[in-house]
Each structure stands twice: as C-alpha cells, then as structure tokens.
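S.K.: If you scroll down you'll find the structure; I have some questions about it.
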Amino acid sequence: MPVSELLLDRSRCSVAGTLAVVGEKWSLLVLREAFLGVRRFADFQRILGAPRAVLTDRLATLVDQGILRRVPYQAEGERQRHEYRLTTKGIDLYPTLVALMEWGDRYLAPEGEVPMELRHRNCGAPVHLTLTCEDGHTLRGAREVTPVPR
C-alpha cells in the first residue's frame with residue numbers, strides 16, 4: 001500500500017505543528033543567529049536586516065513557545081534590556097537547521113562554494129547529519145524508512 005494511502009492522522013502532524021512554530025523565514029534565521037551566538041535585539045536586527053516589527057514578533061513567538069528565553073542585562077549607564085538565549089527546547093532544533101543548511105549546500109550553493117562548514121569542536125573534523133535507527137544502522141534516505149501509524 002502506498003504511503004499516501006496509509007491511515008495517518010494528519011490533524012496531529014508533527015511537521016505541521018513544528019512549521020506553525022518555526023516555519024517562517026525570519027524565525028529560522030533568528031534561530032541560525034542564536035546558534036551562532038547572537039543574543040541581543042540590535043545585533044539580530046543589524047545582521048538579519050529584518051524589519052523591527054517583524055523581528056519583535058518572531059522573538060516574542062520564540063519566547064512564548066519556550067524556544068528562546070529573555071534574560072535581562074544592563075550596560076553601564078543604560079536602561080535594562082533583554083538578551084535572547086536558546087532553551088533546551090531551542091537547542092533541540094539544531095539538527096533541523098543543520099539539515100536545512102546541508103540541503104542548501106548540496107542544491108543551492110555553487111560547486112565548491114559552501115558558505116560555512118561545521119566542524120567538531122574537539123577534533124576539528126567536518127560535521128554531517130545522519131539518519132540512524134535505534135539499532136545503529138545508518139540510513140541513506142526516505143526509501144529506507146517505513147511510516148507506521150500509531
């Protein structure tokens with residue numbers, strides 16, 4: 001039976017739910033910058049070039065969803081402001097951004113012109129995302145996976 005005919009309850013689809021939270025361009029770019037160490041509103045805005053209202057809305061949504069948390073800080077002689085830091089829930093989105101980056105590197109970047117490479121902090125080797133089963137088998141892609149309704 002084709003996968004499209006399986007009796008999957010699409011009203012509870014985890015992909016749709018995730019996209020409802022982080023599936024907008026600016027949200028993903030805010031997350032990219034947060035993973036690169038950006039924490040302050042002005043820095044997000046300067047780097048991304050996002051309209052102030054859009055950035056304010058995306059940051060508020062990511063905070064409301066528990067992906068980022070607001071942490072107060074105060075530079076000497078200035079009013080209190082907030083930094084945005086990844087929560088555990090936010091950090092768990094890292095493989096998602098790595099997957100998007102790898103796809104973009106493979107299909108959108110000119111040959112040999114990958115804009116950024118991820119390396120293992122301890123040994124310096126390049127990092128790549130892999131799909132594995134609980135028994136430790138590495139899968140090459142979707143054709144090696146069977147969706148099972150639950």
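Just remember, in the structure tokens the first chain shown is A, the second B, etc., residues are 1-based per chain, and ligands are 1-based in the order shown.
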For stretch 82-97 of chain A, work out the shell of residues within 12 Å, counting only C-alpha atoms and skipping chain neighbours fewer than 6 positions away, then give it as number ranges by chain.
M.R.: A: 15, 18-19, 21-23, 25, 27-44, 56, 58-75, 103-104, 118, 127-131
S.K.: Can you tell me, as a PyMOL selection string, what residues are no more than 10 Å from A:Asp105 when counting only C-alpha atoms, ignoring any on the same chain fewer than 4 positions away?
M.R.: chain A and resi 99-101+109-117
S.K.: Rounded to one decimal in Å, what is the spacing between atom CA of A:Ala142 and atom CA of A:Gly124?
M.R.: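 Atom CA of A:Gly124 lies 29.4 Å from atom CA of A:Ala142.
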